[in-house]
Every structure is written in structure tokens, then in C-alpha cells.
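**Q** What follows is input22.cif, mmCIF, C-alpha atoms and all ligand atoms.
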```
data_model
loop_
_atom_site.label_atom_id
_atom_site.label_comp_id
_atom_site.auth_asym_id
_atom_site.auth_seq_id
_atom_site.Cartn_x
_atom_site.Cartn_y
_atom_site.Cartn_z
CA MET A 1425 19.54 9.36 -0.48
CA TYR A 1426 15.93 8.50 0.41
CA THR A 1427 13.72 9.59 3.28
CA LEU A 1428 10.20 8.19 3.38
CA ILE A 1429 7.70 10.11 5.45
CA VAL A 1430 4.87 7.82 6.52
CA GLY A 1431 1.81 7.96 8.76
CA THR A 1432 0.93 5.79 11.77
CA LYS A 1433 1.61 2.27 10.50
CA GLU A 1434 -1.51 0.69 12.00
CA TRP A 1435 -3.65 2.98 9.84
CA SER A 1436 -1.70 4.51 6.98
CA SER A 1437 -2.60 2.35 4.03
CA TRP A 1438 -1.27 4.88 1.52
CA SER A 1439 2.11 4.92 3.27
CA LEU A 1440 2.45 1.14 3.15
CA ARG A 1441 2.43 1.11 -0.66
CA PRO A 1442 5.69 2.97 -1.39
CA TYR A 1443 7.24 1.40 1.70
CA LEU A 1444 6.76 -2.00 0.04
CA ALA A 1445 8.28 -0.68 -3.18
CA LEU A 1446 11.31 0.76 -1.38
CA ARG A 1447 11.86 -2.48 0.50
CA ALA A 1448 11.59 -4.46 -2.75
CA ILE A 1449 14.36 -2.30 -4.24
CA GLY A 1450 16.58 -2.86 -1.23
CA ALA A 1451 17.96 0.69 -1.24
CA PRO A 1452 18.69 2.08 2.24
CA PHE A 1453 16.27 4.74 3.41
CA GLU A 1454 15.44 6.75 6.47
CA GLU A 1455 11.95 6.86 7.78
CA VAL A 1456 10.05 9.67 9.46
CA LEU A 1457 6.77 8.81 11.12
CA VAL A 1458 3.97 11.33 11.48
CA ARG A 1459 1.22 10.38 13.91
CA LEU A 1460 -2.17 10.52 12.19
CA ARG A 1461 -5.61 11.47 13.59
CA ARG A 1462 -4.37 14.24 15.88
CA GLU A 1463 -6.77 16.86 14.49
CA ASN A 1464 -4.92 19.99 13.34
CA LEU A 1465 -1.59 18.75 14.63
CA THR A 1466 -1.27 16.01 12.00
CA GLY A 1467 -1.97 18.31 9.04
CA ASP A 1468 0.41 20.97 10.35
CA GLU A 1469 3.18 18.46 10.88
CA ILE A 1470 2.79 16.94 7.40
CA LYS A 1471 2.83 20.43 5.85
CA ARG A 1472 6.29 20.96 7.31
CA TYR A 1473 7.39 18.46 4.67
CA SER A 1474 4.90 18.96 1.83
CA LYS A 1475 2.28 21.60 1.16
CA ALA A 1476 -0.01 18.87 -0.19
CA GLY A 1477 -0.54 17.87 3.44
CA ARG A 1478 -0.71 14.13 2.89
CA VAL A 1479 1.62 11.22 3.56
CA PRO A 1480 3.41 9.34 2.07
CA ILE A 1481 6.16 11.68 0.91
CA LEU A 1482 9.54 10.66 -0.49
CA LYS A 1483 12.53 12.97 -0.20
CA ILE A 1484 15.35 12.32 -2.64
CA ALA A 1485 18.73 13.91 -1.95
CA GLU A 1486 21.18 13.59 -4.80
CA GLY A 1487 24.20 15.52 -6.04
CA GLY A 1488 23.50 18.47 -3.74
CA ARG A 1489 19.89 18.72 -4.96
CA GLU A 1490 16.69 17.63 -3.30
CA ALA A 1491 13.37 16.51 -4.75
CA LEU A 1492 10.10 15.88 -3.04
CA VAL A 1493 7.68 13.28 -4.36
CA TRP A 1494 4.23 13.03 -2.83
CA ASP A 1495 1.35 10.66 -3.48
CA SER A 1496 1.81 6.89 -3.26
CA LEU A 1497 1.60 6.14 -6.97
CA ALA A 1498 3.95 8.96 -7.99
CA ILE A 1499 6.49 7.63 -5.49
CA CYS A 1500 6.15 4.05 -6.77
CA GLU A 1501 6.52 5.22 -10.39
CA THR A 1502 9.58 7.31 -9.52
CA LEU A 1503 11.21 4.38 -7.74
CA ALA A 1504 10.48 2.05 -10.67
CA GLU A 1505 12.08 4.53 -13.06
CA ARG A 1506 15.15 5.07 -10.88
CA HIS A 1507 15.70 1.36 -10.17
CA PRO A 1508 14.91 -0.55 -13.37
CA GLU A 1509 16.91 -3.53 -12.09
CA ALA A 1510 14.28 -4.07 -9.36
CA ARG A 1511 11.67 -4.75 -12.06
CA LEU A 1512 8.89 -3.04 -10.16
CA TRP A 1513 6.87 -3.19 -13.37
CA PRO A 1514 6.61 -6.34 -15.55
CA ALA A 1515 9.12 -6.42 -18.43
CA ASP A 1516 6.54 -7.27 -21.13
CA PRO A 1517 4.93 -4.00 -22.33
CA LEU A 1518 1.43 -5.46 -22.65
CA VAL A 1519 1.57 -7.10 -19.23
CA ARG A 1520 3.01 -3.85 -17.87
CA ALA A 1521 0.08 -1.91 -19.32
CA GLU A 1522 -2.32 -4.20 -17.50
CA ALA A 1523 -0.35 -4.05 -14.23
CA ARG A 1524 -0.46 -0.24 -14.45
CA SER A 1525 -4.25 -0.41 -14.82
CA TYR A 1526 -4.48 -2.54 -11.67
CA ALA A 1527 -2.43 -0.01 -9.73
CA ALA A 1528 -4.44 2.92 -11.08
CA GLU A 1529 -7.78 1.22 -10.41
CA MET A 1530 -6.78 0.82 -6.77
CA HIS A 1531 -5.40 4.31 -6.52
CA SER A 1532 -8.56 5.98 -7.82
CA GLY A 1533 -11.23 3.54 -6.68
CA PHE A 1534 -12.72 1.23 -4.08
CA ALA A 1535 -13.84 4.15 -1.93
CA ASP A 1536 -16.42 2.07 -0.06
CA VAL A 1537 -13.91 -0.66 0.80
CA ARG A 1538 -11.55 2.03 2.07
CA ASP A 1539 -14.34 3.60 4.08
CA GLN A 1540 -15.95 0.50 5.60
CA LEU A 1541 -12.85 -1.65 5.98
CA SER A 1542 -10.31 0.93 7.02
CA MET A 1543 -6.82 -0.44 7.55
CA SER A 1544 -5.98 -1.58 11.06
CA PHE A 1545 -2.93 -3.62 10.22
CA SER A 1546 -2.29 -5.56 13.41
CA ARG A 1547 -5.85 -6.00 14.62
CA LYS A 1548 -8.54 -8.61 13.95
CA LEU A 1549 -11.95 -6.91 13.74
CA PRO A 1550 -15.50 -8.11 13.03
CA LEU A 1551 -16.72 -7.64 9.48
CA PRO A 1552 -19.20 -4.73 9.57
CA GLU A 1553 -22.60 -4.81 7.84
CA LEU A 1554 -21.45 -4.17 4.28
CA ARG A 1555 -23.16 -1.76 1.89
CA ASP A 1556 -23.96 -3.13 -1.57
CA ALA A 1557 -21.27 -0.91 -3.10
CA THR A 1558 -18.68 -2.32 -0.70
CA LYS A 1559 -19.70 -5.89 -1.55
CA GLN A 1560 -19.42 -5.13 -5.27
CA GLN A 1561 -15.98 -3.60 -4.81
CA ILE A 1562 -14.76 -6.60 -2.80
CA ASP A 1563 -16.04 -8.90 -5.57
CA ARG A 1564 -14.27 -6.78 -8.18
CA ILE A 1565 -10.97 -6.92 -6.27
CA ILE A 1566 -11.20 -10.70 -5.90
CA GLU A 1567 -12.11 -11.10 -9.58
CA ALA A 1568 -9.19 -8.88 -10.64
CA TRP A 1569 -6.71 -10.70 -8.40
CA LEU A 1570 -7.90 -14.10 -9.67
CA SER A 1571 -7.66 -13.01 -13.29
CA ALA A 1572 -4.02 -11.95 -12.84
CA LEU A 1573 -3.05 -14.85 -10.58
CA VAL A 1574 -4.40 -17.47 -12.99
CA ARG A 1575 -2.32 -16.08 -15.84
CA PHE A 1576 0.88 -14.89 -14.20
CA SER A 1577 1.40 -16.06 -10.62
CA SER A 1578 3.13 -19.33 -11.59
CA ALA A 1579 6.12 -17.17 -12.59
CA GLY A 1580 6.78 -15.78 -9.10
CA GLY A 1581 3.70 -16.04 -6.91
CA PHE A 1582 2.51 -12.45 -7.22
CA LEU A 1583 -0.22 -10.81 -9.30
CA PHE A 1584 1.98 -10.37 -12.36
CA GLY A 1585 4.54 -13.06 -11.54
CA GLY A 1586 7.40 -11.21 -9.86
CA PHE A 1587 6.56 -8.71 -7.12
CA SER A 1588 5.41 -5.46 -8.76
CA ILE A 1589 3.81 -2.12 -8.02
CA ALA A 1590 0.43 -3.78 -8.53
CA ASP A 1591 1.17 -5.84 -5.40
CA CYS A 1592 2.38 -2.74 -3.56
CA MET A 1593 -0.88 -0.96 -4.33
CA TYR A 1594 -2.99 -3.90 -3.11
CA GLY A 1595 -0.85 -4.66 -0.03
CA PRO A 1596 -3.17 -2.68 2.26
CA VAL A 1597 -6.20 -4.51 0.82
CA VAL A 1598 -4.54 -7.81 1.73
CA SER A 1599 -4.19 -6.45 5.25
CA ARG A 1600 -7.83 -5.31 5.34
CA PHE A 1601 -9.15 -8.66 4.13
CA GLN A 1602 -7.08 -10.33 6.84
CA THR A 1603 -8.20 -7.90 9.57
CA TYR A 1604 -11.91 -8.27 8.80
CA GLY A 1605 -11.82 -11.97 7.80
CA VAL A 1606 -13.19 -11.39 4.29
CA ASP A 1607 -14.06 -14.71 2.67
CA VAL A 1608 -11.83 -15.36 -0.36
CA PRO A 1609 -11.28 -18.33 -2.71
CA PRO A 1610 -8.19 -20.55 -2.15
CA PRO A 1611 -5.87 -19.00 -4.81
CA VAL A 1612 -6.53 -15.56 -3.33
CA LYS A 1613 -5.94 -16.87 0.18
CA ALA A 1614 -2.61 -18.32 -0.97
CA TYR A 1615 -1.70 -14.97 -2.57
CA MET A 1616 -2.61 -13.13 0.64
CA GLU A 1617 -0.42 -15.51 2.66
CA ARG A 1618 2.52 -14.87 0.33
CA MET A 1619 2.03 -11.14 0.69
CA LEU A 1620 1.69 -11.30 4.49
CA ALA A 1621 4.87 -13.42 4.69
CA LEU A 1622 6.99 -10.76 2.96
CA PRO A 1623 9.61 -9.42 5.41
CA ALA A 1624 8.45 -5.88 4.59
CA MET A 1625 4.83 -6.70 5.48
CA ARG A 1626 5.93 -8.45 8.67
CA ASP A 1627 8.13 -5.54 9.72
CA TRP A 1628 5.32 -3.07 9.03
CA GLY A 1629 2.97 -5.27 11.08
CA ALA A 1630 5.41 -5.49 14.00
CA ALA A 1631 5.74 -1.70 14.06
CA ALA A 1632 1.95 -1.32 13.86
CA LYS A 1633 1.51 -3.71 16.79
CA LYS A 1634 3.94 -1.65 18.86
CA GLU A 1635 1.89 1.48 18.11
CA VAL A 1636 -1.23 -0.27 19.36
CA GLU A 1637 0.57 -1.50 22.49
CA ALA A 1638 1.86 2.03 23.11
CA GLY A 1639 -1.71 3.35 22.87
CA ILE A 1640 -1.01 5.63 19.92
CA ALA A 1641 -3.09 3.67 17.38
N1 LIG B 1701 -3.89 9.83 -2.91
C1 LIG B 1701 -2.95 9.98 -1.82
C2 LIG B 1701 -3.67 9.78 -0.49
C3 LIG B 1701 -2.81 10.05 0.71
C4 LIG B 1701 -3.60 10.12 2.00
O1 LIG B 1701 -4.85 10.30 2.00
N2 LIG B 1701 -2.89 10.00 3.13
C5 LIG B 1701 -3.49 10.11 4.45
C6 LIG B 1701 -2.94 9.04 5.39
S1 LIG B 1701 -3.10 7.38 4.83
C7 LIG B 1701 -3.10 11.44 5.08
O2 LIG B 1701 -2.04 11.96 4.85
N3 LIG B 1701 -3.98 12.04 5.90
C8 LIG B 1701 -3.67 13.29 6.50
C9 LIG B 1701 -4.31 13.52 7.82
O3 LIG B 1701 -4.74 12.53 8.44
O4 LIG B 1701 -4.34 14.69 8.24
C10 LIG B 1701 -1.81 8.98 -2.04
O5 LIG B 1701 -1.96 8.06 -2.84
O6 LIG B 1701 -0.73 9.13 -1.44
#
```
Hey, can you dump this file as C-alpha cells for me?
Ligand SMILES: N[C@@H](CCC(=O)N[C@@H](CS)C(=O)NCC(=O)O)C(=O)O
**A**
Amino acid sequence: MYTLIVGTKEWSSWSLRPYLALRAIGAPFEEVLVRLRRENLTGDEIKRYSKAGRVPILKIAEGGREALVWDSLAICETLAERHPEARLWPADPLVRAEARSYAAEMHSGFADVRDQLSMSFSRKLPLPELRDATKQQIDRIIEAWLSALVRFSSAGGFLFGGFSIADCMYGPVVSRFQTYGVDVPPPVKAYMERMLALPAMRDWGAAAKKEVEAGIA
């Protein structure tokens, strides 16, 4: 029923987010991998699937019809709606409203973190000289994580207790902090370890490592 079109796993932070959501649901899905950073080739290949020209893309085939969903957050929202039993959003409406804000803040923000600490999932890299804006965004992410963890993590270990779309959206940031050795306080470190121990994160990391070994990332 589902096909997820993703980019090179070592680099494609946006693709990792709905991948984590799909894995959390446990529904079977096929995966198509498009190699990124191949100049015009990448864009042309992605446009074979979606005119928006960006991965991730989710294809849903159902009852003889097909739907295309593009953009990481739209895919996560669609999956949450189609699989309420997976509780991809917190059950409490007020907590859910806050979790949605976390996901949206990530989706529309932190441009300097994304620029200076680009995802390289399986590598360990030196922390570059950070711009002030990047430092402020890192502080904001840590503050936001701590605020949620203090209130909710005892009920499941994740930002809002049980694993949610907020965690999906920040999964690539966990990877970046690990790659560049960003200094974080102990509760955040423990949260990062829980995220990195998820089978979905480990599988993504193993695939990313193979790409690096094969010289394609
Ligand atoms: N806002 C989009 C961003 C998607 C995006 O920028 N994807 C990158 C890969 S991570 C891409 O498709 N790049 C196309 C290219 O490299 O030509 C989302 O949330 O899905």
C-alpha cells in the first residue's frame, strides 16, 4: 500500500522523518532510493515521482486509486491520521497542540543548524566554527527538548512520553548532534541515546554506512 521515496540516507534528513513514522506504525512499505547531489540528475529523477522535485514522497495505493504525498510533515500528518492506533500524536489535545508546535518549529526553522551541521548520519565530524545564529538555534533546541522531557518523558522516554511525530521531526537533529559531538546536558544525552537505539534509527544508520563504504555518500 505504501511506497516511500527517500534520498541518500547518509544525507537526507527530511527523508528520515517520515521513515521513522512509518517504522513506528509497523505497516509494510516499499522503499525507493534516489541518490542526491548528482546535479541535474537528482532533480530529474525526483520529478519522475513528484513535480515538487523534493524527497521524501509517499505513494499510497488503495482500492485501485493512488495518492501522492510530498513534504515530510504532510506525510507524517497523513500517517498519523490513517493509523490512529499508532498514537503518532499525543492523546491529550493540549499536549498534542504543543507537540505539533515542536514539529512545526523544526520544519520551518533552524536554518543555520541545517546549514552548518548538515546531516552525515554515519560519520563523526569535527564541530565547525559556529555562527552566533547557529549557537542560538542549538540552545533553543536543547531548551525545547529539556522542557518537554522534564514534563513528559517519564511516560515513555520520548519528548512527549510515547514516541511521536515530534521525535520523528527531531531525529535528524539527534543524528547531527551525535555526528558533530555537540555538548548537551545529561537528560538530553539520555534522550539522544534512546533515539539512536531505535531499530529504525539503527537500520537507517547501517544503510547510510553502506552508502559511505560504496563511495556514493
Ligand atoms: N520541506 C521539505 C524539504 C525536502 C527537501 O529539501 N529534500 C531534499 C533532500 S533532504 C531534496 O529533495 N533535495 C533535492 C535535490 O537534492 O535535488 C520537506 O519537509 O520534505
**Q** Please provide the set of residues having any atom within 12 Å of A:Gly1585, restricted to all atoms listed in the file, with same-chain residues fewer than 2 positions apart removed, written as a list in words.
**A** Arg1511, Leu1512, Trp1513, Pro1514, Ala1515, Asp1516, Val1519, Arg1520, Ala1523, Trp1569, Ala1572, Leu1573, Val1574, Arg1575, Phe1576, Ser1577, Ser1578, Ala1579, Gly1580, Gly1581, Phe1582, Leu1583, Phe1587, Ser1588, Ile1589, Ala1590, Asp1591 and Tyr1615 of chain A
**Q** May I have the residues within 6 Å of ligand LIG 1701 (chain B), computed using all atoms listed in the file, as a ChimeraX atom specification?
**A** /A:1431,1436-1439,1460-1461,1466-1467,1478-1480,1495-1497
**Q** Using only C-alpha atoms, which residues sit within 10 Å of stretch 1532-1536 of chain A once same-chain residues fewer than 6 positions away are excluded, as a list in words?
**A** Ser1542, Leu1554, Arg1555, Asp1556, Ala1557, Thr1558, Lys1559, Gln1560, Gln1561, Ile1562, Arg1564, Ile1565 and Val1597 of chain A
**Q** Show which residues sit within 12 Å of A:Ala1476, as a PyMOL selection string. Count all atoms listed in the file, and ignore same-chain residues fewer than 3 positions away.
**A** chain A and resi 1467-1473+1479-1481+1492-1495
**Q** Counting only C-alpha atoms, which residues have an atom no more than 10 Å from (3.2, -5.8, -1.4) in the file's coordinates? Please list them as a VMD selection string.
**A** chain A and resid 1440 to 1445 1447 to 1448 1582 to 1583 1587 to 1599 1616 1618 to 1622 1624 to 1625
**Q** For a quick check of understanding, using only C-alpha atoms, which of A:Phe1601, A:Gly1477, A:Leu1465, A:Ala1632 has the smallest distance to A:Glu1617?
**A**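 Distance minimum relative to A:Glu1617 lands on A:Phe1601.
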**Q** Return the single residue from A:Ile1640, A:Leu1551, A:Ala1491, A:Leu1570 that is closest to A:Gly1605, with distances computed using only C-alpha atoms.
**A**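 Residue with the minimum atom-to-atom distance to A:Gly1605: A:Leu1551.
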**Q** Record the distance separating atom CA of A:Ser1571 and atom CA of A:Tyr1526, expressed in Å with one decimal.
**A**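 That distance, rounded to one decimal, is 11.1 Å.
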**Q** Can you work out which one of A:His1507, A:Lys1433, A:Arg1489, A:Arg1547 has the shortest atom-to-atom distance to A:Ile1449, counting all atoms listed in the file?
**A**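 Under the stated criterion, the closest residue is A:His1507.
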**Q** Please complete stretch 1449-1463 of chain A with N, CA and C atoms and give it back as a short mmCIF file (atom, residue, chain, number, x, y, z; two decimals), in the frame of the given file.
**A**
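Written out: selection-v8.cif:
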```
data_model
loop_
_atom_site.label_atom_id
_atom_site.label_comp_id
_atom_site.auth_asym_id
_atom_site.auth_seq_id
_atom_site.Cartn_x
_atom_site.Cartn_y
_atom_site.Cartn_z
N ILE A 1449 13.15 -2.78 -3.58
CA ILE A 1449 14.36 -2.30 -4.24
C ILE A 1449 15.59 -2.65 -3.42
N GLY A 1450 15.45 -2.56 -2.10
CA GLY A 1450 16.58 -2.86 -1.23
C GLY A 1450 17.50 -1.68 -1.00
N ALA A 1451 17.13 -0.50 -1.48
CA ALA A 1451 17.96 0.69 -1.24
C ALA A 1451 17.77 1.13 0.22
N PRO A 1452 18.87 1.60 0.87
CA PRO A 1452 18.69 2.08 2.24
C PRO A 1452 17.84 3.34 2.25
N PHE A 1453 17.06 3.51 3.29
CA PHE A 1453 16.27 4.74 3.41
C PHE A 1453 16.01 5.06 4.86
N GLU A 1454 15.83 6.34 5.12
CA GLU A 1454 15.44 6.75 6.47
C GLU A 1454 13.94 6.91 6.49
N GLU A 1455 13.40 6.78 7.68
CA GLU A 1455 11.95 6.86 7.78
C GLU A 1455 11.58 7.91 8.82
N VAL A 1456 10.59 8.70 8.49
CA VAL A 1456 10.05 9.67 9.46
C VAL A 1456 8.59 9.32 9.63
N LEU A 1457 8.16 9.19 10.88
CA LEU A 1457 6.77 8.81 11.12
C LEU A 1457 5.97 9.98 11.67
N VAL A 1458 4.87 10.27 11.02
CA VAL A 1458 3.97 11.33 11.48
C VAL A 1458 2.74 10.65 12.07
N ARG A 1459 2.41 11.01 13.30
CA ARG A 1459 1.22 10.38 13.91
C ARG A 1459 -0.04 10.98 13.32
N LEU A 1460 -0.92 10.07 12.83
CA LEU A 1460 -2.17 10.52 12.19
C LEU A 1460 -3.28 10.70 13.23
N ARG A 1461 -4.38 11.30 12.79
CA ARG A 1461 -5.61 11.47 13.59
C ARG A 1461 -5.38 12.29 14.85
N ARG A 1462 -4.54 13.33 14.74
CA ARG A 1462 -4.37 14.24 15.88
C ARG A 1462 -4.90 15.62 15.51
N GLU A 1463 -6.08 15.63 14.92
CA GLU A 1463 -6.77 16.86 14.49
C GLU A 1463 -5.81 17.78 13.74
#
```
